[in-house]
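Text of query-v4.cif, listed as mmCIF, C-alpha atoms (C1' of nucleotides):
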data_entry
loop_
_atom_site.label_atom_id
_atom_site.label_comp_id
_atom_site.auth_asym_id
_atom_site.auth_seq_id
_atom_site.Cartn_x
_atom_site.Cartn_y
_atom_site.Cartn_z
CA MET A 70 0.00 0.00 0.00
CA THR A 71 2.78 2.41 0.89
CA ALA A 72 4.52 1.43 -2.30
CA ALA A 73 1.34 2.15 -4.22
CA ARG A 74 0.99 5.60 -2.69
CA ARG A 75 4.65 6.32 -3.41
CA LEU A 76 4.20 5.28 -7.02
CA ILE A 77 1.10 7.43 -7.51
CA ASP A 78 2.69 10.50 -5.97
CA ARG A 79 5.83 10.09 -8.03
CA ASP A 80 4.47 9.10 -11.43
CA GLY A 81 0.74 9.79 -11.37
CA TRP A 82 -2.02 7.26 -11.03
CA ARG A 83 -2.10 6.40 -14.70
CA LYS A 84 1.31 4.83 -14.22
CA LEU A 85 0.16 2.65 -11.37
CA THR A 86 0.11 -0.84 -12.84
CA MET A 87 0.15 -4.12 -11.04
CA ARG A 88 3.48 -4.94 -12.62
CA ARG A 89 5.16 -1.66 -11.71
CA LEU A 90 3.76 -1.84 -8.22
CA ALA A 91 5.16 -5.34 -7.85
CA THR A 92 8.59 -4.15 -8.93
CA GLU A 93 8.39 -1.22 -6.51
CA ALA A 94 7.47 -3.60 -3.69
CA ASP A 95 10.14 -6.14 -4.68
CA ALA A 96 7.71 -8.90 -5.44
CA ALA A 97 6.37 -10.83 -8.37
CA PRO A 98 3.30 -9.33 -10.05
CA THR A 99 1.30 -12.40 -9.18
CA THR A 100 2.00 -11.99 -5.48
CA LEU A 101 -0.28 -8.96 -5.36
CA TYR A 102 -3.26 -11.16 -6.12
CA HIS A 103 -2.93 -12.81 -2.75
CA HIS A 104 -3.49 -9.46 -1.04
CA PHE A 105 -6.02 -7.85 -3.35
CA ARG A 106 -8.77 -9.44 -5.38
CA ASP A 107 -7.88 -7.33 -8.39
CA LYS A 108 -6.77 -3.84 -9.33
CA ASP A 109 -10.13 -2.26 -8.50
CA ASP A 110 -9.96 -3.77 -5.06
CA LEU A 111 -6.53 -2.26 -4.52
CA LEU A 112 -7.76 1.17 -5.60
CA ALA A 113 -10.80 0.91 -3.35
CA GLN A 114 -8.60 0.16 -0.35
CA LEU A 115 -6.33 3.05 -1.23
CA LEU A 116 -9.39 5.30 -1.31
CA ASN A 117 -10.75 4.16 2.01
CA ASP A 118 -7.39 4.57 3.69
CA TYR A 119 -7.23 8.11 2.41
CA ALA A 120 -10.75 8.91 3.58
CA ASP A 121 -9.71 7.88 7.08
CA THR A 122 -6.95 10.47 7.14
CA ILE A 123 -9.29 13.39 6.42
CA PRO A 124 -9.39 15.58 9.53
CA ARG A 125 -12.76 16.02 11.15
CA PRO A 126 -13.04 19.60 12.30
CA ASP A 127 -15.87 20.99 14.40
CA LEU A 128 -18.53 22.30 12.08
CA PRO A 129 -20.17 25.69 12.64
CA ASP A 130 -23.57 25.84 14.35
CA ALA A 131 -25.26 27.91 11.66
CA PRO A 132 -26.67 25.34 9.20
CA ARG A 133 -25.86 27.24 6.02
CA GLU A 134 -22.24 27.64 7.11
CA ARG A 135 -22.18 23.95 7.99
CA VAL A 136 -23.16 23.04 4.45
CA LEU A 137 -20.51 25.33 3.00
CA VAL A 138 -17.74 24.11 5.32
CA ALA A 139 -18.53 20.42 4.75
CA ALA A 140 -18.64 20.89 0.99
CA THR A 141 -15.37 22.79 1.03
CA LEU A 142 -13.82 20.03 3.10
CA ILE A 143 -14.84 17.44 0.51
CA HIS A 144 -13.51 19.69 -2.20
CA ASP A 145 -10.16 20.29 -0.55
CA SER A 146 -9.70 16.62 0.32
CA LEU A 147 -10.24 15.68 -3.29
CA ALA A 148 -8.12 18.52 -4.62
CA ALA A 149 -5.18 17.19 -2.63
CA TRP A 150 -5.36 13.85 -4.44
CA PRO A 151 -7.37 14.54 -7.58
CA TRP A 152 -6.89 11.13 -9.20
CA ILE A 153 -9.40 9.88 -6.65
CA VAL A 154 -12.19 11.63 -8.47
CA GLU A 155 -11.77 9.51 -11.54
CA VAL A 156 -12.04 6.34 -9.52
CA LEU A 157 -14.73 7.72 -7.28
CA ALA A 158 -17.19 9.60 -9.45
CA ALA A 159 -19.08 6.40 -10.07
CA ASP A 160 -20.48 5.74 -6.60
CA ASP A 161 -21.34 9.16 -5.28
CA LEU A 162 -19.21 9.41 -2.18
CA THR A 163 -19.05 5.81 -1.18
CA GLY A 164 -16.76 4.69 1.60
CA GLU A 165 -18.00 4.56 5.17
CA SER A 166 -15.41 6.95 6.49
CA ALA A 167 -16.43 9.79 4.21
CA LEU A 168 -20.16 9.61 4.75
CA TRP A 169 -20.16 12.00 7.71
CA MET A 170 -19.48 14.85 5.29
CA VAL A 171 -22.53 13.91 3.24
CA GLU A 172 -24.54 13.69 6.45
CA ALA A 173 -23.33 17.15 7.46
CA ILE A 174 -24.49 18.67 4.20
CA ILE A 175 -27.89 17.00 4.26
CA ALA A 176 -28.42 17.79 7.94
CA GLY A 177 -27.48 21.42 7.38
CA ALA A 178 -29.88 21.71 4.48
CA ILE A 179 -32.72 20.20 6.50
CA ASP A 180 -31.97 22.57 9.36
CA CYS A 181 -32.33 25.38 6.86
CA GLY A 182 -35.86 24.25 6.16
CA CYS A 183 -35.34 21.90 3.23
CA THR A 184 -37.43 18.79 2.86
CA PRO A 185 -35.34 15.60 2.80
CA GLU A 186 -35.80 15.45 -0.97
CA GLU A 187 -34.55 19.00 -1.40
CA ALA A 188 -31.61 18.28 0.89
CA VAL A 189 -30.57 15.30 -1.22
CA ASP A 190 -30.93 17.36 -4.37
CA LEU A 191 -28.74 20.06 -2.89
CA TYR A 192 -26.12 17.52 -1.90
CA ARG A 193 -26.13 16.05 -5.39
CA SER A 194 -25.75 19.43 -7.06
CA VAL A 195 -22.86 20.27 -4.77
CA TRP A 196 -21.29 16.89 -5.52
CA TYR A 197 -21.62 17.36 -9.29
CA PHE A 198 -20.13 20.84 -9.09
CA THR A 199 -17.26 19.66 -6.92
CA VAL A 200 -16.45 16.63 -9.04
CA GLY A 201 -16.49 18.73 -12.18
CA GLU A 202 -14.25 21.38 -10.72
CA ILE A 203 -11.65 18.91 -9.48
CA LEU A 204 -11.68 16.91 -12.66
CA VAL A 205 -11.38 19.78 -15.09
CA ARG A 206 -8.65 21.46 -13.08
CA ALA A 207 -6.72 18.23 -12.56
CA ASN A 208 -6.75 17.47 -16.26
CA ALA A 209 -5.76 21.02 -17.14
CA GLU A 210 -2.88 20.74 -14.70
CA ARG A 211 -1.78 17.44 -16.19
CA ARG A 212 -1.75 18.91 -19.68
CA ARG A 213 0.12 21.95 -18.48
CA ALA A 214 2.78 19.76 -16.91
CA ASP A 215 3.07 17.75 -20.11
CA PRO A 216 5.41 19.76 -22.32
CA GLN A 217 4.42 17.56 -25.23
CA ARG A 218 1.29 19.05 -26.73
CA PRO A 219 1.36 22.86 -26.71
CA ASN A 220 -2.17 23.44 -25.50
CA ARG A 221 -4.71 23.17 -28.23
CA ARG A 222 -7.18 25.24 -26.22
CA ASP A 223 -5.18 28.46 -26.43
CA ALA A 224 -4.61 27.90 -30.12
CA VAL A 225 -8.29 27.37 -30.87
CA LEU A 226 -9.23 30.40 -28.84
CA GLY A 227 -6.55 32.53 -30.42
CA GLU A 228 -8.04 31.91 -33.85
CA ALA A 229 -11.58 32.67 -32.77
CA ASP A 230 -13.38 34.62 -35.45
CA PRO A 231 -14.24 38.06 -33.96
CA ALA A 232 -17.32 38.28 -36.16
CA ARG A 233 -18.92 35.05 -34.99
CA LEU A 234 -17.39 34.86 -31.50
CA PRO A 235 -16.86 38.48 -30.47
CA HIS A 236 -16.57 38.00 -26.73
CA LEU A 237 -14.32 34.97 -26.95
CA ALA A 238 -12.03 36.71 -29.42
CA ALA A 239 -11.82 39.74 -27.16
CA LEU A 240 -11.03 37.62 -24.15
CA ALA A 241 -8.64 35.22 -25.87
CA ASP A 242 -5.38 36.57 -24.48
CA ARG A 243 -6.72 36.96 -20.95
CA TRP A 244 -8.25 33.47 -20.97
CA PRO A 245 -5.37 31.55 -19.38
CA ALA A 246 -5.22 34.05 -16.51
CA LEU A 247 -8.98 34.02 -16.06
CA VAL A 248 -9.36 30.26 -15.87
CA SER A 249 -6.46 29.83 -13.48
CA ARG A 250 -8.27 31.68 -10.70
CA ASN A 251 -10.04 29.70 -8.02
CA THR A 252 -13.78 30.27 -8.31
CA TYR A 253 -14.96 27.29 -6.32
CA PRO A 254 -16.11 29.30 -3.27
CA GLN A 255 -18.32 31.68 -5.27
CA GLY A 256 -19.81 28.88 -7.34
CA LEU A 257 -20.52 26.83 -4.26
CA ARG A 258 -22.16 29.76 -2.51
CA ALA A 259 -24.34 30.54 -5.50
CA LEU A 260 -25.44 26.94 -5.76
CA VAL A 261 -26.21 26.56 -2.06
CA ASP A 262 -28.02 29.88 -1.74
CA GLY A 263 -30.04 29.13 -4.83
CA LEU A 264 -31.14 25.74 -3.49
CA LEU A 265 -31.82 26.63 0.14
CA PRO A 266 -35.24 28.04 1.00
CA HIS A 267 -35.27 31.82 0.86
CA GLY A 268 -34.46 33.67 4.04
CA HIS A 269 -31.77 31.20 5.02
CA THR A 270 -28.98 32.74 3.03
CA GLU A 271 -26.50 35.16 4.56
CA GLU A 272 -27.71 34.54 8.08
CA MET H 12 -14.56 6.81 -38.48
CA THR H 13 -17.93 5.18 -39.01
CA ALA H 14 -16.47 1.94 -37.77
CA ALA H 15 -15.19 3.75 -34.67
CA ARG H 16 -18.58 5.21 -33.94
CA ARG H 17 -20.22 1.84 -34.43
CA LEU H 18 -17.74 0.23 -32.06
CA ILE H 19 -18.28 2.87 -29.36
CA ASP H 20 -22.04 2.67 -29.58
CA ARG H 21 -22.00 -1.10 -29.44
CA ASP H 22 -19.34 -1.83 -26.83
CA GLY H 23 -18.59 1.44 -25.04
CA TRP H 24 -15.62 3.68 -25.56
CA ARG H 25 -13.41 1.73 -23.18
CA LYS H 26 -13.50 -1.08 -25.70
CA LEU H 27 -12.36 1.11 -28.55
CA THR H 28 -8.82 -0.03 -29.22
CA MET H 29 -6.75 0.47 -32.29
CA ARG H 30 -6.63 -3.26 -32.83
CA ARG H 31 -10.36 -3.83 -32.49
CA LEU H 32 -11.08 -0.86 -34.68
CA ALA H 33 -8.76 -2.27 -37.31
CA THR H 34 -10.59 -5.59 -37.22
CA GLU H 35 -13.94 -3.81 -37.46
CA ALA H 36 -12.70 -1.87 -40.47
CA ASP H 37 -11.12 -4.94 -42.10
CA ALA H 38 -7.61 -3.60 -42.00
CA ALA H 39 -4.34 -4.20 -40.25
CA PRO H 40 -3.86 -2.29 -36.99
CA THR H 41 -0.89 -0.50 -38.45
CA THR H 42 -2.93 0.87 -41.32
CA LEU H 43 -4.72 3.21 -38.94
CA TYR H 44 -1.52 5.10 -38.32
CA HIS H 45 -1.55 6.36 -41.88
CA HIS H 46 -4.85 8.10 -41.24
CA PHE H 47 -4.42 9.26 -37.64
CA ARG H 48 -1.31 10.38 -35.84
CA ASP H 49 -2.22 8.29 -32.82
CA LYS H 50 -5.20 7.26 -30.75
CA ASP H 51 -5.66 10.72 -29.22
CA ASP H 52 -5.81 12.18 -32.70
CA LEU H 53 -8.53 9.73 -33.67
CA LEU H 54 -10.57 10.62 -30.58
CA ALA H 55 -10.15 14.33 -31.23
CA GLN H 56 -11.49 13.92 -34.77
CA LEU H 57 -14.40 11.88 -33.49
CA LEU H 58 -15.18 14.70 -31.06
CA ASN H 59 -15.04 17.44 -33.65
CA ASP H 60 -17.25 15.50 -36.03
CA TYR H 61 -19.80 15.12 -33.29
CA ALA H 62 -19.69 18.81 -32.38
CA ASP H 63 -20.56 19.61 -35.97
CA THR H 64 -23.75 17.61 -35.75
CA ILE H 65 -25.12 19.54 -32.77
CA PRO H 66 -28.16 21.49 -33.95
CA ARG H 67 -27.97 25.23 -33.61
CA PRO H 68 -31.35 26.49 -32.55
CA ASP H 69 -32.33 30.14 -32.31
CA LEU H 70 -31.58 31.33 -28.82
CA PRO H 71 -34.07 33.42 -26.85
CA ASP H 72 -33.67 37.19 -26.73
CA ALA H 73 -33.75 37.49 -22.95
CA PRO H 74 -30.12 37.12 -21.86
CA ARG H 75 -30.75 34.99 -18.78
CA GLU H 76 -32.82 32.53 -20.82
CA ARG H 77 -30.06 32.51 -23.41
CA VAL H 78 -27.55 31.40 -20.80
CA LEU H 79 -29.87 28.66 -19.56
CA VAL H 80 -30.73 27.39 -23.02
CA ALA H 81 -27.12 27.33 -24.21
CA ALA H 82 -25.99 25.52 -21.06
CA THR H 83 -28.78 22.99 -21.39
CA LEU H 84 -27.83 22.44 -25.01
CA ILE H 85 -24.25 21.67 -23.99
CA HIS H 86 -25.56 19.38 -21.28
CA ASP H 87 -27.91 17.48 -23.54
CA SER H 88 -25.32 17.12 -26.29
CA LEU H 89 -22.90 15.58 -23.83
CA ALA H 90 -25.55 13.43 -22.18
CA ALA H 91 -26.25 11.83 -25.54
CA TRP H 92 -22.64 10.65 -25.82
CA PRO H 93 -21.26 10.79 -22.30
CA TRP H 94 -17.91 9.16 -23.03
CA ILE H 95 -16.97 12.46 -24.63
CA VAL H 96 -16.73 14.09 -21.23
CA GLU H 97 -13.87 11.90 -20.17
CA VAL H 98 -11.90 12.80 -23.25
CA LEU H 99 -13.00 16.39 -23.18
CA ALA H 100 -12.83 17.57 -19.60
CA ALA H 101 -9.20 18.45 -20.06
CA ASP H 102 -9.52 21.39 -22.41
CA ASP H 103 -12.64 23.17 -21.35
CA LEU H 104 -14.83 23.03 -24.38
CA THR H 105 -12.21 23.02 -27.08
CA GLY H 106 -13.13 22.37 -30.68
CA GLU H 107 -14.01 25.24 -32.97
CA SER H 108 -17.46 24.01 -33.75
CA ALA H 109 -18.63 24.00 -30.14
CA LEU H 110 -17.39 27.43 -29.18
CA TRP H 111 -20.57 29.23 -30.20
CA MET H 112 -22.26 27.76 -27.13
CA VAL H 113 -19.57 29.17 -24.89
CA GLU H 114 -19.94 32.49 -26.65
CA ALA H 115 -23.71 32.41 -26.09
CA ILE H 116 -23.28 31.89 -22.36
CA ILE H 117 -20.68 34.60 -21.95
CA ALA H 118 -22.60 37.05 -24.13
CA GLY H 119 -25.79 36.38 -22.18
CA ALA H 120 -24.04 36.97 -18.88
CA ILE H 121 -22.53 40.23 -20.10
CA ASP H 122 -25.94 41.36 -21.33
CA CYS H 123 -27.21 40.70 -17.82
CA GLY H 124 -24.72 43.20 -16.49
CA CYS H 125 -21.75 40.95 -15.71
CA THR H 126 -18.23 42.19 -16.23
CA PRO H 127 -16.27 40.00 -18.66
CA GLU H 128 -14.50 38.41 -15.68
CA GLU H 129 -17.77 37.56 -14.00
CA ALA H 130 -19.11 36.18 -17.26
CA VAL H 131 -16.14 33.85 -17.62
CA ASP H 132 -16.51 32.76 -14.01
CA LEU H 133 -20.16 31.99 -14.59
CA TYR H 134 -19.34 29.97 -17.68
CA ARG H 135 -16.73 28.00 -15.79
CA SER H 136 -19.07 27.22 -12.91
CA VAL H 137 -21.70 26.05 -15.36
CA TRP H 138 -19.11 23.94 -17.14
CA TYR H 139 -17.92 22.31 -13.92
CA PHE H 140 -21.47 21.56 -12.86
CA THR H 141 -22.34 20.12 -16.24
CA VAL H 142 -19.22 17.97 -16.52
CA GLY H 143 -19.75 16.63 -13.01
CA GLU H 144 -23.38 15.81 -13.64
CA ILE H 145 -22.70 13.94 -16.87
CA LEU H 146 -19.74 12.09 -15.49
CA VAL H 147 -21.34 10.92 -12.27
CA ARG H 148 -24.51 9.85 -14.00
CA ALA H 149 -22.68 8.11 -16.85
CA ASN H 150 -20.55 6.13 -14.42
CA ALA H 151 -23.57 5.25 -12.31
CA GLU H 152 -25.30 4.04 -15.44
CA ARG H 153 -22.30 1.96 -16.44
CA ARG H 154 -22.19 0.27 -13.05
CA ARG H 155 -25.91 -0.31 -13.11
CA ALA H 156 -25.65 -2.01 -16.48
CA ASP H 157 -22.78 -4.16 -15.22
CA PRO H 158 -24.49 -7.02 -13.39
CA GLN H 159 -21.11 -7.95 -11.98
CA ARG H 160 -20.65 -5.86 -8.85
CA PRO H 161 -23.89 -5.51 -6.91
CA ASN H 162 -23.63 -1.83 -6.14
CA ARG H 163 -21.38 -1.13 -3.20
CA ARG H 164 -23.08 2.23 -2.64
CA ASP H 165 -26.44 0.83 -1.63
CA ALA H 166 -24.74 -1.65 0.68
CA VAL H 167 -22.69 1.02 2.41
CA LEU H 168 -25.72 3.24 2.82
CA GLY H 169 -27.86 0.39 4.06
CA GLU H 170 -25.45 -0.21 6.93
CA ALA H 171 -25.26 3.46 7.89
CA ASP H 172 -25.21 3.80 11.67
CA PRO H 173 -28.40 5.70 12.64
CA ALA H 174 -26.62 7.21 15.64
CA ARG H 175 -23.79 8.78 13.71
CA LEU H 176 -25.53 9.28 10.38
CA PRO H 177 -29.19 9.79 11.25
CA HIS H 178 -30.36 11.43 8.05
CA LEU H 179 -28.52 9.05 5.75
CA ALA H 180 -29.83 6.03 7.63
CA ALA H 181 -33.37 7.38 7.41
CA LEU H 182 -33.03 8.04 3.67
CA ALA H 183 -31.18 4.83 2.80
CA ASP H 184 -34.03 2.95 1.15
CA ARG H 185 -35.26 5.95 -0.77
CA TRP H 186 -31.74 6.84 -1.97
CA PRO H 187 -31.77 5.00 -5.31
CA ALA H 188 -35.06 6.63 -6.26
CA LEU H 189 -33.90 10.06 -5.12
CA VAL H 190 -30.64 10.04 -7.06
CA SER H 191 -32.23 8.77 -10.25
CA ARG H 192 -34.25 11.97 -10.69
CA ASN H 193 -32.98 14.62 -13.05
CA THR H 194 -32.01 17.70 -11.06
CA TYR H 195 -29.85 19.39 -13.66
CA PRO H 196 -32.33 22.17 -14.48
CA GLN H 197 -32.79 23.29 -10.86
CA GLY H 198 -29.08 23.16 -10.14
CA LEU H 199 -28.29 25.10 -13.28
CA ARG H 200 -30.86 27.75 -12.46
CA ALA H 201 -29.57 28.14 -8.90
CA LEU H 202 -26.03 28.51 -10.14
CA VAL H 203 -26.89 31.02 -12.85
CA ASP H 204 -29.19 33.11 -10.68
CA GLY H 205 -26.60 33.15 -7.91
CA LEU H 206 -23.89 34.38 -10.25
CA LEU H 207 -25.82 36.92 -12.29
CA PRO H 208 -26.11 40.45 -10.88
CA HIS H 209 -29.26 40.84 -8.78
CA GLY H 210 -32.35 42.01 -10.57
CA HIS H 211 -31.62 39.95 -13.65
CA THR H 212 -33.14 36.75 -12.43
CA GLU H 213 -36.66 35.70 -13.31
CA GLU H 214 -37.08 38.48 -15.83
"C1'" DA G 273 0.33 7.22 -51.60
"C1'" DC G 274 -1.44 3.44 -49.26
"C1'" DC G 275 -1.15 -0.91 -46.83
"C1'" DT G 276 1.24 -4.78 -44.27
"C1'" DG G 277 3.74 -8.43 -40.96
"C1'" DA G 278 6.96 -8.71 -37.61
"C1'" DA G 279 8.43 -6.88 -33.60
"C1'" DC G 280 8.89 -4.07 -29.19
"C1'" DA G 281 7.61 -2.86 -24.84
"C1'" DC G 282 4.05 -3.03 -22.30
"C1'" DC G 283 -0.85 -4.46 -19.76
"C1'" DG G 284 -4.23 -7.49 -16.07
"C1'" DT G 285 -4.98 -11.97 -14.63
"C1'" DT G 286 -4.88 -17.23 -13.98
"C1'" DC G 287 -3.00 -21.39 -12.55
"C1'" DA G 288 -0.22 -25.08 -11.30
"C1'" DA G 289 3.77 -25.55 -8.63
"C1'" DG G 290 6.87 -24.49 -5.01
"C1'" DT G 291 8.20 -23.13 0.42
"C1'" DA S 76 -0.47 -19.23 4.37
"C1'" DC S 77 2.48 -17.00 1.32
"C1'" DC S 78 5.06 -16.53 -2.87
"C1'" DT S 79 6.49 -17.70 -7.72
"C1'" DG S 80 7.40 -18.54 -13.13
"C1'" DA S 81 5.17 -19.56 -17.10
"C1'" DA S 82 1.52 -18.51 -19.80
"C1'" DC S 83 -2.77 -16.28 -21.89
"C1'" DA S 84 -5.03 -12.80 -24.08
"C1'" DC S 85 -4.62 -8.49 -24.69
"C1'" DC S 86 -2.68 -3.18 -25.42
"C1'" DG S 87 -0.36 1.21 -28.49
"C1'" DT S 88 3.16 2.07 -31.61
"C1'" DT S 89 7.33 1.71 -34.84
"C1'" DC S 90 9.64 0.34 -38.82
"C1'" DA S 91 11.31 -1.79 -42.73
"C1'" DA S 92 9.23 -3.86 -46.59
"C1'" DG S 93 5.82 -4.49 -50.04
"C1'" DT S 94 2.10 -2.63 -53.99
#
Just dump the structure as structure tokens.
Amino acid sequence: MTAARRLIDRDGWRKLTMRRLATEADAAPTTLYHHFRDKDDLLAQLLNDYADTIPRPDLPDAPRERVLVAATLIHDSLAAWPWIVEVLAADDLTGESALWMVEAIIAGAIDCGCTPEEAVDLYRSVWYFTVGEILVRANAERRRADPQRPNRRDAVLGEADPARLPHLAALADRWPALVSRNTYPQGLRALVDGLLPHGHTEE
Amino acid sequence: MTAARRLIDRDGWRKLTMRRLATEADAAPTTLYHHFRDKDDLLAQLLNDYADTIPRPDLPDAPRERVLVAATLIHDSLAAWPWIVEVLAADDLTGESALWMVEAIIAGAIDCGCTPEEAVDLYRSVWYFTVGEILVRANAERRRADPQRPNRRDAVLGEADPARLPHLAALADRWPALVSRNTYPQGLRALVDGLLPHGHTEE
DNA sequence: ACCTGAACACCGTTCAAGT
DNA sequence: ACCTGAACACCGTTCAAGT
């Protein structure tokens, strides 16, 4: 497991193969199959171990703040190890040891006057937004780090036809700077305030 | 290209390999490399071709509606071929022929009184939300279709400790029904209304 | 120009055999 | 119980050779 984490941190999770992991752990590839059912099982255990390390701070009393803090905690935990998202996106936020954050969001929403259905909807929207943010930024980062392909996006945007795409053409050269800013907090706040019953925002 | 599309629709994009594609197209695997630089190049061409087929309806005059309609169009186009998201998430919405939707969102936001910076931020939030929604739902669908693993998520939720996770435990049996509903429109509206200057919502 | 077979350097996983 | 080598059925890609 430690070898696996080392390998991911050094070379990225796409390079984590059973064979490389075996080499890193000084064992035969086949040996791994006596400790893990298969590769998915290994990844799942890696995920659960990580979830257990997430600190569990006291959440604020005000329910709206509680929702925001819990969501930000999920976000920051994922941002620290973004490859998780690609493995995880499938099952909502499965893994026993991470469920308390989901509970915190749903409880906060209910305390703000949501019905249970509305609370689940709010959680799901927050989860979609968070997953998307992490994923897009992680991939952008990966491409940036890869000196290979010189960023097709900037090229496409640079050639934008000012007649058909006036705003994009005007913004083309500022685009890289604009998209590198962190807008998660504003987006999250907009989403939460839009989905909580009125009168519970900004309190 | 037609063979590639056929293969993806039949077996899923994870099964699209150069070798299988070659077989499908009655050619040697190596032949493909005279038509595409590599596999990424093939995928990129597949993407661009698809973007060209997206219908281009007249957008409403009211700027807020324009933002919502353009975002929903992006969403629905991706939902129809969700594997695209995994290839695409990297570069924002690259590909010349899809940029008009980005332009529509940014123009709508500016017409609502946003600064260009705010308009780009709004577009990015919408993009994150949309990517997350498609990705999570596509993966959930894939798992559901795979009779193999019997859904770890429901199991984990079913065992939720009512003392520590009261709301989740109470919602456990309704969870599958709750998460299968389509909440994209509400989430999108909340996000957009929260990020547009006040006074421009619901007009 | 277009296509090909042989080859290289990889994958995940199984299985019978060893200690 | 734990580990292993040999093997199977795959990958993407290159390259010299054919038409």
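Near chain S, counting all atoms listed in the file at 10 Å, the chain H residues are Thr28, Met29, Arg30, Pro40, Thr41, Tyr44, Asp49 and Lys50 of chain H.
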Keeping only C-alpha atoms, write the selected residues as a PDB file, keeping the file's coordinate frame.
ATOM      1  CA  THR H  28      -8.820  -0.030 -29.220  1.00  0.00           C
ATOM      2  CA  MET H  29      -6.750   0.470 -32.290  1.00  0.00           C
ATOM      3  CA  ARG H  30      -6.630  -3.260 -32.830  1.00  0.00           C
ATOM      4  CA  PRO H  40      -3.860  -2.290 -36.990  1.00  0.00           C
ATOM      5  CA  THR H  41      -0.890  -0.500 -38.450  1.00  0.00           C
ATOM      6  CA  TYR H  44      -1.520   5.100 -38.320  1.00  0.00           C
ATOM      7  CA  ASP H  49      -2.220   8.290 -32.820  1.00  0.00           C
ATOM      8  CA  LYS H  50      -5.200   7.260 -30.750  1.00  0.00           C
TER       9      LYS H  50
END
Name the residues that the PyMOL selection byres ((chain H) within 8 of (chain A)) picks from the file above, as a tab-separated table (two decimals) with C-alpha atoms, in the coordinates of the input, using the file's chain letters and numbers.
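expr-v4.tsv was written with the following content:
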chain	number	residue	atom	x	y	z
H	100	ALA	CA	-12.83	17.57	-19.60
H	101	ALA	CA	-9.20	18.45	-20.06
H	102	ASP	CA	-9.52	21.39	-22.41
H	103	ASP	CA	-12.64	23.17	-21.35
H	105	THR	CA	-12.21	23.02	-27.08
H	106	GLY	CA	-13.13	22.37	-30.68
H	107	GLU	CA	-14.01	25.24	-32.97
H	110	LEU	CA	-17.39	27.43	-29.18
H	111	TRP	CA	-20.57	29.23	-30.20
H	114	GLU	CA	-19.94	32.49	-26.65
H	117	ILE	CA	-20.68	34.60	-21.95
H	118	ALA	CA	-22.60	37.05	-24.13
H	127	PRO	CA	-16.27	40.00	-18.66
H	128	GLU	CA	-14.50	38.41	-15.68
H	131	VAL	CA	-16.14	33.85	-17.62
H	132	ASP	CA	-16.51	32.76	-14.01
H	133	LEU	CA	-20.16	31.99	-14.59
H	135	ARG	CA	-16.73	28.00	-15.79
H	136	SER	CA	-19.07	27.22	-12.91
H	138	TRP	CA	-19.11	23.94	-17.14
H	139	TYR	CA	-17.92	22.31	-13.92
H	140	PHE	CA	-21.47	21.56	-12.86
H	141	THR	CA	-22.34	20.12	-16.24
H	142	VAL	CA	-19.22	17.97	-16.52
H	143	GLY	CA	-19.75	16.63	-13.01
H	144	GLU	CA	-23.38	15.81	-13.64
H	146	LEU	CA	-19.74	12.09	-15.49
H	147	VAL	CA	-21.34	10.92	-12.27
H	148	ARG	CA	-24.51	9.85	-14.00
H	149	ALA	CA	-22.68	8.11	-16.85
H	150	ASN	CA	-20.55	6.13	-14.42
H	151	ALA	CA	-23.57	5.25	-12.31
H	154	ARG	CA	-22.19	0.27	-13.05
H	163	ARG	CA	-21.38	-1.13	-3.20
H	164	ARG	CA	-23.08	2.23	-2.64
H	167	VAL	CA	-22.69	1.02	2.41
H	171	ALA	CA	-25.26	3.46	7.89
H	175	ARG	CA	-23.79	8.78	13.71
H	176	LEU	CA	-25.53	9.28	10.38
H	177	PRO	CA	-29.19	9.79	11.25
H	178	HIS	CA	-30.36	11.43	8.05
H	179	LEU	CA	-28.52	9.05	5.75
H	182	LEU	CA	-33.03	8.04	3.67
H	189	LEU	CA	-33.90	10.06	-5.12
H	190	VAL	CA	-30.64	10.04	-7.06
H	194	THR	CA	-32.01	17.70	-11.06
H	195	TYR	CA	-29.85	19.39	-13.66
H	197	GLN	CA	-32.79	23.29	-10.86
H	198	GLY	CA	-29.08	23.16	-10.14
H	200	ARG	CA	-30.86	27.75	-12.46
H	201	ALA	CA	-29.57	28.14	-8.90
H	202	LEU	CA	-26.03	28.51	-10.14
H	203	VAL	CA	-26.89	31.02	-12.85
H	204	ASP	CA	-29.19	33.11	-10.68
H	205	GLY	CA	-26.60	33.15	-7.91
H	206	LEU	CA	-23.89	34.38	-10.25
d(atom CA of A:Arg89, atom CA of A:His103) in Å
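Value for the atom CA of A:Arg89-atom CA of A:His103 distance: 16.4 Å.
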What does the structure give for the distance between atom CA of A:Pro245 and atom CA of H:Thr64, in Å to one decimal?
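Result for atom CA of A:Pro245 versus atom CA of H:Thr64: 28.3 Å, one decimal.
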With 8 Å on each side, where is the centre of the axis-aligned box around all listed atoms of stretch 273-290 of chain G, and how long are its edges in Å to one decimal, as AutoDock Vina command-line options?
--center_x 2.0 --center_y -9.2 --center_z -28.3 --size_x 29.9 --size_y 48.8 --size_z 62.6
Atomic distance atom CA of A:Leu101 - atom CA of A:Ala72, expressed in Å with one decimal:
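Spanning atom CA of A:Leu101 to atom CA of A:Ala72 is a straight-line distance of 11.8 Å.
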How would stretch 282-289 of chain G look written as a short mmCIF file (atom, residue, chain, number, x, y, z; two decimals), in the first residue's frame with C-alpha atoms (C1' of nucleotides)?
data_model
loop_
_atom_site.label_atom_id
_atom_site.label_comp_id
_atom_site.auth_asym_id
_atom_site.auth_seq_id
_atom_site.Cartn_x
_atom_site.Cartn_y
_atom_site.Cartn_z
"C1'" DC G 282 4.05 -3.03 -22.30
"C1'" DC G 283 -0.85 -4.46 -19.76
"C1'" DG G 284 -4.23 -7.49 -16.07
"C1'" DT G 285 -4.98 -11.97 -14.63
"C1'" DT G 286 -4.88 -17.23 -13.98
"C1'" DC G 287 -3.00 -21.39 -12.55
"C1'" DA G 288 -0.22 -25.08 -11.30
"C1'" DA G 289 3.77 -25.55 -8.63
#
